$ cat protein18.cif   # mmCIF, C-alpha atoms and all ligand atoms
data_run
loop_
_atom_site.group_PDB
_atom_site.id
_atom_site.type_symbol
_atom_site.label_atom_id
_atom_site.label_comp_id
_atom_site.auth_asym_id
_atom_site.auth_seq_id
_atom_site.Cartn_x
_atom_site.Cartn_y
_atom_site.Cartn_z
ATOM 1 C CA MET A 21 0.000 0.000 0.000
ATOM 2 C CA VAL A 22 2.750 2.448 1.077
ATOM 3 C CA ILE A 23 4.833 1.475 -1.969
ATOM 4 C CA GLN A 24 1.829 2.099 -4.248
ATOM 5 C CA MET A 25 1.274 5.557 -2.710
ATOM 6 C CA LYS A 26 4.945 6.416 -3.180
ATOM 7 C CA LYS A 27 4.766 5.361 -6.853
ATOM 8 C CA THR A 28 1.669 7.531 -7.396
ATOM 9 C CA LEU A 29 3.343 10.519 -5.726
ATOM 10 C CA ILE A 30 6.485 10.160 -7.855
ATOM 11 C CA THR A 31 4.370 9.864 -11.011
ATOM 12 C CA LEU A 32 2.475 13.056 -10.098
ATOM 13 C CA LEU A 33 5.710 14.932 -9.375
ATOM 14 C CA LEU A 34 6.983 13.964 -12.828
ATOM 15 C CA ILE A 35 3.793 14.747 -14.719
ATOM 16 C CA ILE A 36 2.789 18.127 -13.175
ATOM 17 C CA PRO A 37 5.845 20.115 -14.419
ATOM 18 C CA LEU A 38 5.442 18.579 -17.881
ATOM 19 C CA VAL A 39 1.799 19.651 -18.047
ATOM 20 C CA LEU A 40 2.633 23.182 -16.863
ATOM 21 C CA PHE A 41 5.485 23.549 -19.370
ATOM 22 C CA SER A 42 3.348 22.226 -22.192
ATOM 23 C CA SER A 43 0.639 24.774 -21.360
ATOM 24 C CA VAL A 44 3.126 27.681 -21.585
ATOM 25 C CA THR A 45 4.631 26.543 -24.871
ATOM 26 C CA SER A 46 1.228 25.785 -26.373
ATOM 27 C CA ASN A 47 0.059 29.323 -25.664
ATOM 28 C CA PHE A 48 3.260 30.666 -27.118
ATOM 29 C CA SER A 49 3.265 28.583 -30.252
ATOM 30 C CA ALA A 50 -0.403 28.968 -31.007
ATOM 31 C CA ALA A 51 0.393 32.284 -32.676
ATOM 32 C CA ASN A 52 1.348 32.026 -36.351
ATOM 33 C CA GLY A 53 1.295 28.246 -36.449
ATOM 34 C CA ILE A 54 4.878 27.672 -35.337
ATOM 35 C CA SER A 55 5.128 24.107 -34.110
ATOM 36 C CA GLU A 56 6.630 23.587 -30.675
ATOM 37 C CA ALA A 57 9.409 21.514 -32.186
ATOM 38 C CA THR A 58 10.704 24.456 -34.216
ATOM 39 C CA ILE A 59 10.696 27.036 -31.419
ATOM 40 C CA HIS A 60 14.244 27.877 -30.506
ATOM 41 C CA PRO A 61 14.895 27.852 -26.753
ATOM 42 C CA SER A 62 15.852 31.509 -26.863
ATOM 43 C CA LEU A 63 12.300 32.420 -27.852
ATOM 44 C CA THR A 64 10.762 30.817 -24.825
ATOM 45 C CA PRO A 65 9.475 33.276 -22.239
ATOM 46 C CA ASN A 66 12.244 32.088 -19.909
ATOM 47 C CA LYS A 67 15.132 33.572 -21.901
ATOM 48 C CA LEU A 68 15.355 37.336 -21.344
ATOM 49 C CA LEU A 69 16.377 38.986 -24.583
ATOM 50 C CA ASN A 70 18.894 41.802 -24.635
ATOM 51 C CA VAL A 71 18.188 43.681 -27.871
ATOM 52 C CA ALA A 72 20.894 46.138 -28.961
ATOM 53 C CA HIS A 73 18.685 49.027 -30.080
ATOM 54 C CA ARG A 74 20.086 50.423 -33.349
ATOM 55 C CA GLY A 75 23.223 48.576 -32.155
ATOM 56 C CA ALA A 76 24.921 49.800 -28.991
ATOM 57 C CA SER A 77 23.727 53.220 -30.092
ATOM 58 C CA ALA A 78 24.618 55.035 -26.885
ATOM 59 C CA TYR A 79 28.282 54.505 -27.745
ATOM 60 C CA ALA A 80 28.503 54.595 -31.551
ATOM 61 C CA PRO A 81 26.541 56.122 -34.441
ATOM 62 C CA GLU A 82 23.216 54.279 -34.663
ATOM 63 C CA HIS A 83 22.598 51.777 -37.440
ATOM 64 C CA THR A 84 26.208 51.510 -38.506
ATOM 65 C CA ILE A 85 28.377 48.400 -38.605
ATOM 66 C CA ALA A 86 30.406 49.918 -35.739
ATOM 67 C CA SER A 87 27.314 50.251 -33.575
ATOM 68 C CA TYR A 88 26.153 46.716 -34.342
ATOM 69 C CA LYS A 89 29.648 45.323 -33.576
ATOM 70 C CA LEU A 90 29.614 47.019 -30.194
ATOM 71 C CA GLY A 91 26.166 45.575 -29.559
ATOM 72 C CA GLU A 92 27.565 42.099 -30.128
ATOM 73 C CA GLU A 93 30.604 42.775 -27.937
ATOM 74 C CA MET A 94 28.305 43.990 -25.165
ATOM 75 C CA LYS A 95 26.395 40.694 -25.262
ATOM 76 C CA GLY A 96 23.295 41.859 -27.067
ATOM 77 C CA ASP A 97 21.286 38.798 -28.111
ATOM 78 C CA TYR A 98 19.880 40.578 -31.166
ATOM 79 C CA ILE A 99 21.035 43.355 -33.472
ATOM 80 C CA GLU A 100 18.084 45.694 -33.975
ATOM 81 C CA VAL A 101 17.825 47.011 -37.538
ATOM 82 C CA ASP A 102 15.311 49.621 -38.722
ATOM 83 C CA LEU A 103 14.709 49.503 -42.464
ATOM 84 C CA GLN A 104 14.210 52.223 -45.055
ATOM 85 C CA MET A 105 14.380 51.742 -48.832
ATOM 86 C CA THR A 106 16.311 53.672 -51.477
ATOM 87 C CA GLU A 107 14.936 54.994 -54.753
ATOM 88 C CA ASP A 108 16.392 51.969 -56.536
ATOM 89 C CA GLY A 109 14.757 49.534 -54.114
ATOM 90 C CA VAL A 110 17.613 48.661 -51.767
ATOM 91 C CA LEU A 111 16.834 48.048 -48.087
ATOM 92 C CA VAL A 112 19.136 50.076 -45.858
ATOM 93 C CA ALA A 113 19.579 50.384 -42.108
ATOM 94 C CA MET A 114 18.218 53.730 -40.973
ATOM 95 C CA HIS A 115 15.639 54.861 -38.455
ATOM 96 C CA ASP A 116 14.305 58.068 -39.983
ATOM 97 C CA LEU A 117 12.478 58.666 -43.254
ATOM 98 C CA THR A 118 15.094 61.321 -44.014
ATOM 99 C CA VAL A 119 18.869 61.286 -43.840
ATOM 100 C CA ASN A 120 18.905 64.657 -42.053
ATOM 101 C CA ARG A 121 19.523 63.602 -38.449
ATOM 102 C CA THR A 122 22.050 60.794 -38.899
ATOM 103 C CA THR A 123 24.115 61.862 -41.902
ATOM 104 C CA ASN A 124 25.625 65.033 -43.351
ATOM 105 C CA GLY A 125 23.008 65.007 -46.142
ATOM 106 C CA SER A 126 19.401 66.103 -46.377
ATOM 107 C CA GLY A 127 16.281 64.726 -47.985
ATOM 108 C CA TYR A 128 14.191 61.580 -48.006
ATOM 109 C CA VAL A 129 15.880 58.182 -48.209
ATOM 110 C CA LYS A 130 13.379 57.220 -50.919
ATOM 111 C CA ASP A 131 14.802 59.963 -53.146
ATOM 112 C CA PHE A 132 18.395 58.686 -52.936
ATOM 113 C CA THR A 133 19.816 55.914 -55.063
ATOM 114 C CA LEU A 134 22.065 53.575 -53.117
ATOM 115 C CA LYS A 135 25.086 55.086 -54.859
ATOM 116 C CA GLU A 136 24.035 58.573 -53.737
ATOM 117 C CA LEU A 137 23.297 57.409 -50.198
ATOM 118 C CA LYS A 138 26.739 55.847 -49.995
ATOM 119 C CA GLN A 139 28.340 59.274 -50.509
ATOM 120 C CA LEU A 140 26.997 60.417 -47.134
ATOM 121 C CA ASP A 141 28.865 60.513 -43.816
ATOM 122 C CA ALA A 142 26.817 58.650 -41.210
ATOM 123 C CA GLY A 143 29.232 59.040 -38.297
ATOM 124 C CA SER A 144 30.540 62.591 -37.853
ATOM 125 C CA TRP A 145 27.245 63.813 -36.376
ATOM 126 C CA PHE A 146 27.753 61.326 -33.528
ATOM 127 C CA ASN A 147 31.281 62.574 -32.776
ATOM 128 C CA GLU A 148 29.978 66.138 -32.613
ATOM 129 C CA GLN A 149 26.979 65.328 -30.412
ATOM 130 C CA HIS A 150 28.688 62.781 -28.154
ATOM 131 C CA PRO A 151 32.282 63.919 -27.645
ATOM 132 C CA GLU A 152 32.621 61.540 -24.679
ATOM 133 C CA TYR A 153 32.283 58.570 -27.043
ATOM 134 C CA ALA A 154 33.709 60.190 -30.191
ATOM 135 C CA ASN A 155 36.024 58.041 -32.279
ATOM 136 C CA PRO A 156 37.937 59.240 -35.380
ATOM 137 C CA SER A 157 36.993 55.992 -37.133
ATOM 138 C CA TYR A 158 33.326 57.022 -37.059
ATOM 139 C CA ALA A 159 33.934 59.992 -39.366
ATOM 140 C CA GLY A 160 32.926 59.116 -42.906
ATOM 141 C CA ILE A 161 31.303 55.825 -41.924
ATOM 142 C CA LYS A 162 28.676 54.649 -44.460
ATOM 143 C CA VAL A 163 24.995 53.774 -44.222
ATOM 144 C CA PRO A 164 24.917 49.951 -44.467
ATOM 145 C CA THR A 165 22.501 47.993 -46.609
ATOM 146 C CA LEU A 166 20.655 45.137 -44.949
ATOM 147 C CA GLU A 167 22.669 42.714 -47.052
ATOM 148 C CA GLU A 168 25.937 44.262 -45.882
ATOM 149 C CA VAL A 169 24.834 43.885 -42.270
ATOM 150 C CA ILE A 170 24.026 40.219 -42.810
ATOM 151 C CA GLN A 171 27.235 39.621 -44.775
ATOM 152 C CA THR A 172 29.228 41.178 -41.920
ATOM 153 C CA PHE A 173 27.619 39.297 -39.032
ATOM 154 C CA GLY A 174 26.425 36.157 -40.781
ATOM 155 C CA LYS A 175 24.346 33.330 -39.426
ATOM 156 C CA GLY A 176 26.120 33.430 -36.096
ATOM 157 C CA SER A 177 24.197 36.559 -35.150
ATOM 158 C CA ARG A 178 20.519 37.233 -34.655
ATOM 159 C CA TYR A 179 18.533 40.065 -36.157
ATOM 160 C CA TYR A 180 15.480 41.933 -34.867
ATOM 161 C CA ILE A 181 14.362 43.827 -37.946
ATOM 162 C CA GLU A 182 11.699 46.537 -38.219
ATOM 163 C CA THR A 183 9.805 47.476 -41.354
ATOM 164 C CA LYS A 184 9.676 51.265 -41.024
ATOM 165 C CA SER A 185 7.117 53.332 -42.939
ATOM 166 C CA PRO A 186 5.889 50.389 -45.037
ATOM 167 C CA ASN A 187 3.303 52.595 -46.738
ATOM 168 C CA THR A 188 6.155 54.627 -48.228
ATOM 169 C CA TYR A 189 7.868 51.511 -49.525
ATOM 170 C CA PRO A 190 5.402 49.120 -51.142
ATOM 171 C CA GLY A 191 7.063 45.746 -51.601
ATOM 172 C CA MET A 192 9.591 46.183 -48.802
ATOM 173 C CA GLU A 193 8.326 43.049 -47.039
ATOM 174 C CA LYS A 194 8.804 40.899 -50.131
ATOM 175 C CA GLU A 195 12.328 42.222 -50.591
ATOM 176 C CA LEU A 196 13.086 41.608 -46.921
ATOM 177 C CA ILE A 197 11.914 38.001 -47.136
ATOM 178 C CA ARG A 198 13.916 37.504 -50.341
ATOM 179 C CA ILE A 199 17.107 38.625 -48.583
ATOM 180 C CA LEU A 200 16.459 36.563 -45.456
ATOM 181 C CA ASN A 201 15.880 33.498 -47.624
ATOM 182 C CA LYS A 202 18.980 34.215 -49.705
ATOM 183 C CA TYR A 203 21.167 34.159 -46.580
ATOM 184 C CA LYS A 204 19.221 31.242 -45.085
ATOM 185 C CA LEU A 205 18.247 33.225 -42.019
ATOM 186 C CA ILE A 206 14.720 31.890 -42.405
ATOM 187 C CA GLY A 207 13.473 28.654 -43.848
ATOM 188 C CA PRO A 208 12.760 25.081 -42.877
ATOM 189 C CA ASN A 209 16.264 24.215 -41.670
ATOM 190 C CA THR A 210 16.943 27.426 -39.756
ATOM 191 C CA PRO A 211 16.155 27.904 -36.069
ATOM 192 C CA SER A 212 13.118 30.171 -35.888
ATOM 193 C CA SER A 213 14.923 32.550 -33.561
ATOM 194 C CA LYS A 214 17.589 33.787 -36.018
ATOM 195 C CA VAL A 215 15.299 36.599 -37.050
ATOM 196 C CA ILE A 216 12.438 38.394 -35.345
ATOM 197 C CA LEU A 217 10.507 40.857 -37.485
ATOM 198 C CA GLN A 218 8.723 43.823 -35.918
ATOM 199 C CA SER A 219 6.575 46.714 -37.067
ATOM 200 C CA PHE A 220 4.138 49.325 -35.820
ATOM 201 C CA SER A 221 2.096 48.431 -38.895
ATOM 202 C CA PRO A 222 -0.198 45.396 -38.456
ATOM 203 C CA GLU A 223 -0.677 45.419 -42.230
ATOM 204 C CA SER A 224 3.062 45.051 -42.813
ATOM 205 C CA LEU A 225 3.261 42.145 -40.364
ATOM 206 C CA GLN A 226 0.248 40.537 -41.996
ATOM 207 C CA ILE A 227 1.966 40.713 -45.396
ATOM 208 C CA ILE A 228 5.010 38.977 -43.890
ATOM 209 C CA HIS A 229 2.817 36.416 -42.145
ATOM 210 C CA ASP A 230 1.127 35.629 -45.450
ATOM 211 C CA LEU A 231 4.515 35.241 -47.171
ATOM 212 C CA ASP A 232 5.940 32.955 -44.466
ATOM 213 C CA ASN A 233 3.963 32.148 -41.338
ATOM 214 C CA ARG A 234 6.951 30.577 -39.562
ATOM 215 C CA ILE A 235 8.744 33.864 -38.948
ATOM 216 C CA PRO A 236 8.390 35.157 -35.376
ATOM 217 C CA LEU A 237 6.663 38.551 -35.445
ATOM 218 C CA VAL A 238 6.414 41.270 -32.812
ATOM 219 C CA GLN A 239 3.683 43.882 -33.005
ATOM 220 C CA LEU A 240 4.896 47.307 -31.880
ATOM 221 C CA ILE A 241 2.220 49.502 -30.313
ATOM 222 C CA SER A 242 2.445 53.264 -29.907
ATOM 223 C CA TYR A 243 0.656 54.506 -26.795
ATOM 224 C CA ARG A 244 0.283 58.232 -26.225
ATOM 225 C CA THR A 245 -1.010 57.727 -22.685
ATOM 226 C CA LYS A 246 -0.986 54.880 -20.145
ATOM 227 C CA ALA A 247 -1.098 51.544 -21.971
ATOM 228 C CA THR A 248 -4.196 49.395 -21.759
ATOM 229 C CA ILE A 249 -5.069 46.302 -23.746
ATOM 230 C CA THR A 250 -8.272 44.296 -24.097
ATOM 231 C CA ASP A 251 -8.707 40.552 -24.347
ATOM 232 C CA GLU A 252 -10.003 41.054 -27.887
ATOM 233 C CA GLU A 253 -6.863 42.952 -28.899
ATOM 234 C CA LEU A 254 -4.628 40.292 -27.373
ATOM 235 C CA HIS A 255 -6.544 37.602 -29.201
ATOM 236 C CA ALA A 256 -6.187 39.479 -32.498
ATOM 237 C CA TYR A 257 -2.417 39.987 -32.037
ATOM 238 C CA LYS A 258 -1.957 36.301 -31.246
ATOM 239 C CA GLU A 259 -3.295 35.416 -34.669
ATOM 240 C CA TYR A 260 0.033 36.431 -36.194
ATOM 241 C CA ALA A 261 2.472 37.659 -33.517
ATOM 242 C CA ILE A 262 4.503 35.976 -30.796
ATOM 243 C CA GLY A 263 4.954 39.179 -28.835
ATOM 244 C CA LEU A 264 4.360 42.890 -28.338
ATOM 245 C CA GLY A 265 6.656 45.892 -27.978
ATOM 246 C CA MET A 266 5.814 49.307 -26.576
ATOM 247 C CA SER A 267 7.395 52.213 -24.718
ATOM 248 C CA HIS A 268 8.391 51.170 -21.216
ATOM 249 C CA HIS A 269 7.204 54.561 -19.960
ATOM 250 C CA ARG A 270 3.576 53.638 -20.713
ATOM 251 C CA ILE A 271 3.254 50.268 -19.012
ATOM 252 C CA ASP A 272 2.792 48.940 -15.503
ATOM 253 C CA GLN A 273 2.996 45.526 -13.851
ATOM 254 C CA ALA A 274 -0.663 44.693 -14.518
ATOM 255 C CA TYR A 275 -0.220 45.373 -18.242
ATOM 256 C CA VAL A 276 2.889 43.158 -18.403
ATOM 257 C CA GLN A 277 1.075 40.398 -16.534
ATOM 258 C CA LYS A 278 -1.919 40.570 -18.861
ATOM 259 C CA VAL A 279 0.260 40.253 -21.956
ATOM 260 C CA ARG A 280 2.195 37.361 -20.396
ATOM 261 C CA ASP A 281 -0.997 35.623 -19.296
ATOM 262 C CA ALA A 282 -2.152 35.754 -22.898
ATOM 263 C CA GLY A 283 0.944 33.760 -23.856
ATOM 264 C CA LEU A 284 2.679 36.615 -25.645
ATOM 265 C CA LEU A 285 6.248 37.838 -25.217
ATOM 266 C CA ILE A 286 6.714 41.472 -24.207
ATOM 267 C CA HIS A 287 9.743 43.556 -25.234
ATOM 268 C CA PRO A 288 9.477 47.187 -24.102
ATOM 269 C CA TYR A 289 11.643 49.937 -25.610
ATOM 270 C CA THR A 290 13.948 51.834 -25.097
ATOM 271 C CA VAL A 291 15.242 51.035 -21.630
ATOM 272 C CA ASN A 292 18.527 52.683 -20.748
ATOM 273 C CA GLU A 293 18.628 52.993 -16.950
ATOM 274 C CA LYS A 294 19.496 50.026 -14.754
ATOM 275 C CA ALA A 295 16.724 50.831 -12.268
ATOM 276 C CA ASP A 296 14.136 50.669 -15.063
ATOM 277 C CA MET A 297 15.643 47.432 -16.380
ATOM 278 C CA ALA A 298 15.408 45.809 -12.949
ATOM 279 C CA LYS A 299 11.841 47.032 -12.424
ATOM 280 C CA LEU A 300 10.699 45.689 -15.777
ATOM 281 C CA LEU A 301 12.344 42.331 -15.105
ATOM 282 C CA ASP A 302 10.533 42.197 -11.764
ATOM 283 C CA TRP A 303 7.291 42.846 -13.630
ATOM 284 C CA GLY A 304 7.921 39.884 -15.924
ATOM 285 C CA VAL A 305 8.984 41.305 -19.285
ATOM 286 C CA THR A 306 10.693 38.764 -21.548
ATOM 287 C CA GLY A 307 13.308 41.116 -22.999
ATOM 288 C CA MET A 308 13.891 44.739 -23.866
ATOM 289 C CA PHE A 309 15.440 47.108 -26.367
ATOM 290 C CA THR A 310 18.324 49.163 -25.010
ATOM 291 C CA ASN A 311 20.971 51.552 -26.315
ATOM 292 C CA HIS A 312 23.145 50.192 -23.464
ATOM 293 C CA PRO A 313 23.290 46.392 -23.883
ATOM 294 C CA ASP A 314 26.259 46.355 -21.490
ATOM 295 C CA ARG A 315 24.086 47.723 -18.689
ATOM 296 C CA LEU A 316 21.334 45.191 -19.305
ATOM 297 C CA GLN A 317 23.902 42.407 -19.363
ATOM 298 C CA GLU A 318 25.171 43.557 -15.960
ATOM 299 C CA VAL A 319 21.654 43.678 -14.542
ATOM 300 C CA LEU A 320 20.888 40.198 -15.875
ATOM 301 C CA GLU A 321 24.142 38.785 -14.477
ATOM 302 C CA SER A 322 23.494 40.349 -11.068
ATOM 303 C CA ARG A 323 20.165 38.519 -10.914
ATOM 304 C CA GLU A 324 21.653 35.122 -11.738
ATOM 305 C CA ASP A 325 23.175 34.803 -8.257
HETATM 306 O O1 LIG B 401 11.626 48.746 -32.483
HETATM 307 C C1 LIG B 401 11.513 49.034 -31.152
HETATM 308 C C2 LIG B 401 11.737 50.485 -31.042
HETATM 309 O O2 LIG B 401 12.929 50.722 -31.707
HETATM 310 C C3 LIG B 401 10.623 51.251 -31.681
HETATM 311 O O3 LIG B 401 10.907 52.575 -31.719
HETATM 312 O O4 LIG B 401 11.335 54.560 -33.036
HETATM 313 O O5 LIG B 401 13.225 53.410 -31.914
HETATM 314 O O6 LIG B 401 12.154 52.387 -33.895
HETATM 315 P P1 LIG B 401 11.958 53.250 -32.692
HETATM 316 CA CA CA B 402 13.071 50.136 -34.095
#
$ encode --input "protein18.cif" --output "structure tokens" --more "lines below"
Ligand code: G3P
Ligand code: CA
Amino acid sequence: MVIQMKKTLITLLLIIPLVLFSSVTSNFSAANGISEATIHPSLTPNKLLNVAHRGASAYAPEHTIASYKLGEEMKGDYIEVDLQMTEDGVLVAMHDLTVNRTTNGSGYVKDFTLKELKQLDAGSWFNEQHPEYANPSYAGIKVPTLEEVIQTFGKGSRYYIETKSPNTYPGMEKELIRILNKYKLIGPNTPSSKVILQSFSPESLQIIHDLDNRIPLVQLISYRTKATITDEELHAYKEYAIGLGMSHHRIDQAYVQKVRDAGLLIHPYTVNEKADMAKLLDWGVTGMFTNHPDRLQEVLESRED
């Protein structure tokens, strides 16, 4: 009798964690039809993602190879790349619609050919505005194309890519998928975590989802005031996305919990102070965008003890 009870207890102890784990992963994988077998461990809610926002952009000119390299050195899990498109249809890494803020040129990216864009200096502005981190090698640095970024960092790195202003660039999603396929960063034999695609535009994400429903997608949401989210909205996002991103200034613990309870990842942006990083981790976020990946790495390491 006692032996039988012991056996039952042991069986229960083995089964309960399996059931709980399966429930978490089922929620997570229900979005966009990714099977549990293809989910890379780093996209489970248990791995906290350190996303180098525009590279380690506190220390080097944003969206340059130098900034992305620093992001890798500072233990960023993902290189964040914002995409714009040139007049001749080339995807380039740049945050703004215009080149005004981050180069010595002026005008819309869409009005530059790649050859013209490559004439611009994308680094001197940083040296002038951030003398504490200025580096002579940044002067004259070029705007990289998406392909150049991938060629530089290869399949050993991971990319968190945003389709910016997709209404300005019809077809940018198709071109993005073409490039990711070309470099085998997506596809049947590639871990699904090599690339995460993000956008503020649900339409842009839907286009991507229709082109390839295995790619992990994150819906960015712009809140002007305190963030709230309904069950209906969460349900709609889960149809195509694995997670949500929003300004960390707009959210609270209840919001984070609600998103997590829905089985979605949550990656707030742009978190640069250690106190905010720690608070968000306490609230249960599953990663965050930061211009200071070194700081986030330190916070994460301090919590491992
Ligand atoms: O992509 C996350 C975050 O970068 C969104 O804001 O304006 O920096 O692209 P933004
Ligand atoms: Ca971005």
$ residues_near_point --input "protein18.cif" --point "(6.0, 51.0, -46.7)" --cutoff "12 Å" --atoms "all atoms listed in the file" --output "ChimeraX atom specification"
/A:103-106,109,111,117,130,182-196,219-225,227
$ residues_near_ligand --input "protein18.cif" --ligand "ligand LIG 401 (chain B)" --cutoff "9 Å" --atoms "all atoms listed in the file" --output "PyMOL selection string"
chain A and resi 73-74+100-102+115-116+180-182+184+218-220+240-242+265-267+287-290+308-310
$ closest_residue --input "protein18.cif" --among "A:Leu285, A:Ile262, A:Leu231, A:Leu217" --to "ligand CA 402 (chain B)" --atoms "only C-alpha atoms and all ligand atoms"
A:Leu217
$ resolve_selection --input "protein18.cif" --expression "the PyMOL selection byres (((chain A and resi 270) around 7) and not hetatm)" --output "VMD selection string"
chain A and resid 243 245 to 247 267 to 269 271
$ closest_residue --input "protein18.cif" --among "A:Val238, A:Asp251, A:Ile170, A:Pro164" --to "Gly307 of chain A" --atoms "only C-alpha atoms"
A:Val238
$ closest_residue --input "protein18.cif" --among "A:Tyr153, A:Asn124, A:Gln239, A:Ile206" --to "ligand CA 402 (chain B)" --atoms "only C-alpha atoms and all ligand atoms"
A:Gln239
$ resolve_selection --input "protein18.cif" --expression "the PyMOL selection byres (((chain A and resi 276) around 9) and not hetatm)" --output "list in words"
Ile271, Asp272, Gln273, Ala274, Tyr275, Gln277, Lys278, Val279, Arg280, Asp281, Ile286, Leu300, Trp303, Gly304 and Val305 of chain A
$ atom_distance --input "protein18.cif" --atom1 "atom CA of Ala142 of chain A" --atom2 "atom CA of Val215 of chain A"
25.2 Å
$ resolve_selection --input "protein18.cif" --expression "the PyMOL selection byres (((chain A and resi 156-159) around 9) and not hetatm)" --output "list in words"
Ala80, Pro81, Ala86, Asp141, Ala142, Gly143, Ser144, Trp145, Phe146, Asn147, Ala154, Asn155, Gly160 and Ile161 of chain A
